[in-house]
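**Student:** I am attaching a structure below and will ask some questions about it afterwards.
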Amino acid sequence: MDGAPTSLDPVHASTIYANFLVVNLYDTLYRYQYLARPYQLAPNLAESLPEVSADGLIYTIRIKPGVRFIDDPSFPEGQGRLLRAEDFVYSMTRHFDPAMRSQGSWMWQGRIVGLDDWKESGADYARDIPGLRALDERTLQIQLVTPFPQLTHTLAQGYAAVVPQESVAHYGTEFAINPVGSGPFKLEKFDSTRAILERNVFFRNEAFNLVAEGYIPESQQMFGLEFLEGQSPPFLDRVEVEFIAEDAARWTTFNSGRLDYIKVPVSQFDQVLSDRHPPRLRPELAERYHLLANLESGFVHTDFNMDDRRIGHHSDPEQNERNRALRCAITKAFDWPRRNEIFYSGLGQVFPGVIAPITPEFDPRQSLRPVTRNLDEARSLLKRYGWSADNLPVLEYGFPSSVTERQMFEQFRSFMSDTGYPEDKIRPLTFASYGDYARAYLNREVMLITTAWTMDYPDSENTMQLFFGPNASPGANNANYRNPEYDRLYREAAVMPESPERTALYRSMNQMVIDDCVSISGLSRTLILLWNKRFRMLPDRSFVGGFFLRFASAGINAVAEEL
Amino acid sequence: MPVTASKRSLPRSLLHALLLIIGVTLITFMLLVYFGPDQTYVLIGKNATAQQIAEVRQELGYDQPFLQRYADYLKHLLTLDLGVSHSSGEQVRSILTRSLPVSLALVIPGFILGNVLGILLGLIAAAQQGQWLDRLITTLSVSSMSVSFLIIVIALQVLLCTP
């Protein structure tokens with residue numbers, strides 16, 4: 001794996017690395033079907049999809065019987081006990097306990113009746129929460145403040161994994177490295193270099209069903225998954241996950257044959273692929289490895305800080321319009337194909353706006369004009385709105401210090417200088433670490449903010465929120481975009497279930513972001529996954545990621561090394 | 001009976017040592033507080049509110065006055081309470097217990113090997129002073145000391161790790 005989690009506590013499962021382990025060590029009520037694309041929710045710990053009241057406010061969920069936590073010293077006599085509905089109530093509630101420093105509470109903040117009040121009144125676990133109740137040992141009920149159609153998606157996140165209260169109390173802060181769950185694996189060893197997982201012998205018996213997992217024979221037959229039909233996962237007894245952040249070292253380790261699965265570093269794409277469109281493995285590698293080329297569940301983009309009067313919102317309508325023209329000129333001068341070629345090996349997908357290609361709301365017929373470079377238009381906009389080399393503002397482009405980020409900045413500067421923008425007015429604003437960078441842009445101190453957004457679930461609400469006014473910094477709206485019409489549509493769409501009407505609203509909002517030139521966006525990167533043909537599996541890095549591991553198979557007693 | 005110089009200087013030396021420790025820890029702590037990384041923005045979630053940021057800062061003790069934080073730091077040092085890792089929650093003492101043997105296993109053989117080789121080659125060079133062996137050892141030593149570690153690391157990686 002190309003990064004290491006620092007904590008395995010579900011309340012800290014904010015990264016793909018943490019989620020990868022958390023969803024294998026713990027149970028979530030829901031998960032995504034193993035093989036279905038686009039992604040479809042499936043019951044995991046829950047017996048079925050939730051029963052939702054007609055007004056969309058009450059979710060009733062029944063938990064499977066006989067689910068058991070692993071044996072652990074935190075239980076009496078070290079023996080795991082049955083998982084109960086109240087464990088889920090506790091697991092959700094602790095996100096709102098300030099002592100837990102949850103990174104996932106934002107998902108449910110202001111959404112569940114009484115949960116925020118519980119926090120405000122002192123986070124006393126003995127106090128009941130009206131909107132989060134265990135009706136009996138196996139039945140849960142969640143009452144929402146307003147409809148939140150994405151709730152079920154949030155219950156598939158690592159954040160929503162179920163933990164036993166006594167284990168949290170037993171280990172204290174070290175619960176983060178002593179996971180006690182009911183997932184398909186248990187942790188044998190964990191440090192900053194590797195994690196070793198072993199099969200959880202108490203994991204429930206559930207027959208693998210190709211149809212229920214969304215099997216697509218046309219594109220998935222080659223992976224040899226059919227023989228698993230009817231067998232109960234997990235199919236591996238032991239999984240070794242190596243954390244190697246450095247690309248060259250990771251690739252060298254893979255090449256030495258010590259790893260069976262890897263996300264190929266972009267720098268190695270040319271070594272691996274004989275063709276890029278579509279990606280095809282070199283023949284010598286194709287003999288031993290399967291290849292999967294998938295778009296990421298997110299995108300990279302550069303936001304303008306709309307709170308910066310030099311380039312963003314302005315109280316003077318005329319200046320406000322001039323600033324918009326300046327942003328649009330910058331957007332028109334940005335050369336996405338060149339950015340794609342130099343930094344993403346030409347395999348990324350460029351698209352206008354913020355509805356990612358991997359989501360069902362994406363419109364493949366959308367015009368690419370907003371992301372097509374047009375220097376004449378950029379120059380013309382600058383001229384028409386009275387911008388000249390003398391009065392153009394200094395552009396401060398922020399990034400955490402690294403060679404690649406610096407190269408991206410230099411490329412940006414060269415794109416802009418093609419319009420006549422003076423080079424000395426395009427300046428880098430570097431930060432020693434990502435934390436320092438985040439502090440600066442969350443405090444609205446950075447003019448141009450380049451970030452990548454990894455989607456939490458396959459619903460564009462997750463990216464639409466990035467431009468919702470009330471989410472301005474330190475919230476996820478890094479651009480600090482304020483558009484009353486956008487906010488009105490967001491509120492209207494937020495309570496709607498997936499439908500063509502909601503998609504139309506999302507697309508209207510997307511167009512506003514494009515027309516107001518709030519962001520230079522975007523590009524979804526392509527992930528190239530390689531795995532040894534000994535293993536029958538379909539790996540996945542999108543959304544929560546990691547659920548596939550329980551279905552990976554290499555026959556009895558085989559060992560998979562995961563990178 | 002006259003007080004000897006050594007007896008006279010002992011309390012003074014202890015005082016100097018104490019002041020030195022306070023000075024070093026104060027400067028180190030000050031650098032960490034004012035120029036070190038701010039963990040708050042690494043630890044907050046995706047869509048944090050100002051209140052959540054304040055809560056994390058409170059949990060980390062960032063909201064305390066500098067002198068209070070320094071006093072706490074000294075107290076923890078004196079009681080060998082190294083605290084917990086902000087990111088993983090693990091006791092720092094546990095991390096050191098786990099990591100130190102690995103570091104020592106790497107450092108000690110290298111240290112011994114380097115010193116034994118150095119002394120041995122030095123003796124040989126001294127015994128053969130001015131001869132070709134002396135010049136060879138001297139040239140190799142100076143050139144290997146002059147090459148950047150970065151080059152050595154890459155060269156060894158290519159040499160030993162490429163299949």
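Lettering and numbering for the structure tokens are positional, with chains as A, B, ... in the shown order, residues counted from 1 in each chain, and ligands counted from 1 in the shown order.
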Which residues of chain B have any atom within 8 Å of an atom in chain A when counting only C-alpha atoms, and what is the closest pair of atoms for each, with the distance in Å to one decimal? Order the rows by chain and rising number and write it as CSV.
**Tutor:**
```
residue,atom,partner,partner_atom,distance
B:Pro37,CA,A:Asp436,CA,6.7
B:Asp38,CA,A:Gly435,CA,6.7
B:Gln39,CA,A:Gly435,CA,6.7
B:Thr40,CA,A:Gly435,CA,7.8
B:Tyr41,CA,A:Gly435,CA,5.3
B:Val42,CA,A:Gly435,CA,5.1
B:Leu43,CA,A:Gln103,CA,7.0
B:Ile44,CA,A:Gln103,CA,5.5
B:Gly45,CA,A:Gln103,CA,3.8
B:Lys46,CA,A:Ala476,CA,6.2
B:Asn47,CA,A:Gly475,CA,4.3
B:Ala48,CA,A:Gly475,CA,5.0
B:Thr49,CA,A:Gly475,CA,6.0
B:Ala50,CA,A:Pro474,CA,6.6
B:Glu55,CA,A:Pro98,CA,6.5
B:Val56,CA,A:Arg101,CA,6.5
B:Glu59,CA,A:Ala99,CA,7.1
B:Val84,CA,A:Thr173,CA,7.8
B:Ser87,CA,A:Thr6,CA,5.9
B:Ser88,CA,A:Ser7,CA,4.5
B:Gly89,CA,A:Thr173,CA,4.6
B:Glu90,CA,A:Glu174,CA,4.9
B:Gln91,CA,A:Glu174,CA,7.2
B:Cys161,CA,A:Thr252,CA,7.1
B:Thr162,CA,A:Thr252,CA,6.7
B:Pro163,CA,A:Ser256,CA,5.7
```
**Student:** Store the residues of this selection in a file with N, CA and C atoms, as a PDB file, in the first residue's frame.
**Tutor:**
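Ended up saving to result-v4.pdb:
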```pdb
ATOM      1  N   PRO B  37       5.263  21.895  13.655  1.00  0.00           N
ATOM      2  CA  PRO B  37       4.004  21.627  12.955  1.00  0.00           C
ATOM      3  C   PRO B  37       2.798  21.788  13.885  1.00  0.00           C
ATOM      4  N   ASP B  38       1.727  22.290  13.330  1.00  0.00           N
ATOM      5  CA  ASP B  38       0.475  22.406  14.067  1.00  0.00           C
ATOM      6  C   ASP B  38      -0.360  21.169  13.719  1.00  0.00           C
ATOM      7  N   GLN B  39      -0.524  20.282  14.691  1.00  0.00           N
ATOM      8  CA  GLN B  39      -1.221  19.016  14.435  1.00  0.00           C
ATOM      9  C   GLN B  39      -2.730  19.192  14.241  1.00  0.00           C
ATOM     10  N   THR B  40      -3.252  20.338  14.658  1.00  0.00           N
ATOM     11  CA  THR B  40      -4.705  20.525  14.625  1.00  0.00           C
ATOM     12  C   THR B  40      -5.287  20.189  13.260  1.00  0.00           C
ATOM     13  N   TYR B  41      -4.656  20.734  12.216  1.00  0.00           N
ATOM     14  CA  TYR B  41      -5.247  20.629  10.885  1.00  0.00           C
ATOM     15  C   TYR B  41      -4.978  19.287  10.221  1.00  0.00           C
ATOM     16  N   VAL B  42      -4.144  18.480  10.880  1.00  0.00           N
ATOM     17  CA  VAL B  42      -3.945  17.116  10.406  1.00  0.00           C
ATOM     18  C   VAL B  42      -5.009  16.220  11.044  1.00  0.00           C
ATOM     19  N   LEU B  43      -5.407  16.593  12.257  1.00  0.00           N
ATOM     20  CA  LEU B  43      -6.300  15.724  13.028  1.00  0.00           C
ATOM     21  C   LEU B  43      -7.786  16.005  12.808  1.00  0.00           C
ATOM     22  N   ILE B  44      -8.118  17.171  12.265  1.00  0.00           N
ATOM     23  CA  ILE B  44      -9.545  17.457  12.081  1.00  0.00           C
ATOM     24  C   ILE B  44     -10.095  16.717  10.868  1.00  0.00           C
ATOM     25  N   GLY B  45     -11.383  16.563  10.839  1.00  0.00           N
ATOM     26  CA  GLY B  45     -12.026  15.871   9.732  1.00  0.00           C
ATOM     27  C   GLY B  45     -12.179  16.769   8.518  1.00  0.00           C
ATOM     28  N   LYS B  46     -12.890  16.224   7.526  1.00  0.00           N
ATOM     29  CA  LYS B  46     -12.993  16.896   6.236  1.00  0.00           C
ATOM     30  C   LYS B  46     -13.769  18.211   6.289  1.00  0.00           C
ATOM     31  N   ASN B  47     -14.811  18.254   7.075  1.00  0.00           N
ATOM     32  CA  ASN B  47     -15.714  19.391   7.025  1.00  0.00           C
ATOM     33  C   ASN B  47     -15.824  19.996   8.416  1.00  0.00           C
ATOM     34  N   ALA B  48     -14.682  20.385   8.940  1.00  0.00           N
ATOM     35  CA  ALA B  48     -14.634  20.803  10.340  1.00  0.00           C
ATOM     36  C   ALA B  48     -15.306  22.155  10.556  1.00  0.00           C
ATOM     37  N   THR B  49     -15.811  22.342  11.751  1.00  0.00           N
ATOM     38  CA  THR B  49     -16.350  23.643  12.131  1.00  0.00           C
ATOM     39  C   THR B  49     -15.321  24.324  13.032  1.00  0.00           C
ATOM     40  N   ALA B  50     -15.512  25.624  13.228  1.00  0.00           N
ATOM     41  CA  ALA B  50     -14.597  26.361  14.104  1.00  0.00           C
ATOM     42  C   ALA B  50     -14.625  25.751  15.506  1.00  0.00           C
ATOM     43  N   GLU B  55     -12.031  22.448  19.767  1.00  0.00           N
ATOM     44  CA  GLU B  55     -12.019  21.253  20.626  1.00  0.00           C
ATOM     45  C   GLU B  55     -10.703  20.484  20.478  1.00  0.00           C
ATOM     46  N   VAL B  56     -10.244  20.343  19.231  1.00  0.00           N
ATOM     47  CA  VAL B  56      -8.987  19.617  19.011  1.00  0.00           C
ATOM     48  C   VAL B  56      -7.827  20.386  19.640  1.00  0.00           C
ATOM     49  N   GLU B  59      -7.907  19.707  23.238  1.00  0.00           N
ATOM     50  CA  GLU B  59      -7.427  18.347  23.534  1.00  0.00           C
ATOM     51  C   GLU B  59      -5.901  18.275  23.472  1.00  0.00           C
ATOM     52  N   VAL B  84       1.348  10.277  24.712  1.00  0.00           N
ATOM     53  CA  VAL B  84       0.876   9.391  23.642  1.00  0.00           C
ATOM     54  C   VAL B  84       1.051  10.074  22.294  1.00  0.00           C
ATOM     55  N   SER B  87      -1.291  10.993  16.658  1.00  0.00           N
ATOM     56  CA  SER B  87      -1.969  10.370  15.523  1.00  0.00           C
ATOM     57  C   SER B  87      -2.495   8.983  15.848  1.00  0.00           C
ATOM     58  N   SER B  88      -1.698   8.140  16.522  1.00  0.00           N
ATOM     59  CA  SER B  88      -2.146   6.760  16.736  1.00  0.00           C
ATOM     60  C   SER B  88      -2.715   6.525  18.131  1.00  0.00           C
ATOM     61  N   GLY B  89      -2.408   7.402  19.070  1.00  0.00           N
ATOM     62  CA  GLY B  89      -2.880   7.203  20.428  1.00  0.00           C
ATOM     63  C   GLY B  89      -1.993   6.262  21.227  1.00  0.00           C
ATOM     64  N   GLU B  90      -0.978   5.694  20.583  1.00  0.00           N
ATOM     65  CA  GLU B  90      -0.105   4.739  21.270  1.00  0.00           C
ATOM     66  C   GLU B  90       0.826   5.474  22.235  1.00  0.00           C
ATOM     67  N   GLN B  91       1.158   4.817  23.357  1.00  0.00           N
ATOM     68  CA  GLN B  91       2.104   5.388  24.311  1.00  0.00           C
ATOM     69  C   GLN B  91       3.456   5.560  23.628  1.00  0.00           C
ATOM     70  N   CYS B 161      19.218  -4.206  -4.731  1.00  0.00           N
ATOM     71  CA  CYS B 161      17.762  -4.426  -4.718  1.00  0.00           C
ATOM     72  C   CYS B 161      17.154  -4.646  -6.094  1.00  0.00           C
ATOM     73  N   THR B 162      17.934  -4.471  -7.149  1.00  0.00           N
ATOM     74  CA  THR B 162      17.359  -4.668  -8.471  1.00  0.00           C
ATOM     75  C   THR B 162      17.489  -6.135  -8.876  1.00  0.00           C
ATOM     76  N   PRO B 163      16.361  -6.751  -9.223  1.00  0.00           N
ATOM     77  CA  PRO B 163      16.440  -8.170  -9.563  1.00  0.00           C
ATOM     78  C   PRO B 163      17.183  -8.404 -10.886  1.00  0.00           C
TER      79      PRO B 163
END
```
**Student:** Mind checking DSSP for chain B and telling me the alpha helix (DSSP H) residues as a VMD selection string?
**Tutor:** chain B and resid 5 to 35 40 to 43 50 to 60 66 to 78 92 to 127 132 to 146 149 to 161
**Student:** CA of Arg57 (chain B) and CA of Tyr70 (chain B) are how many Å apart?
**Tutor:** 16.1 Å
**Student:** Just give me the gap between CA of Glu361 (chain A) and CA of Pro278 (chain A) in Å, one decimal is fine.
**Tutor:**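 CA of Pro278 (chain A) lies 23.5 Å from CA of Glu361 (chain A).
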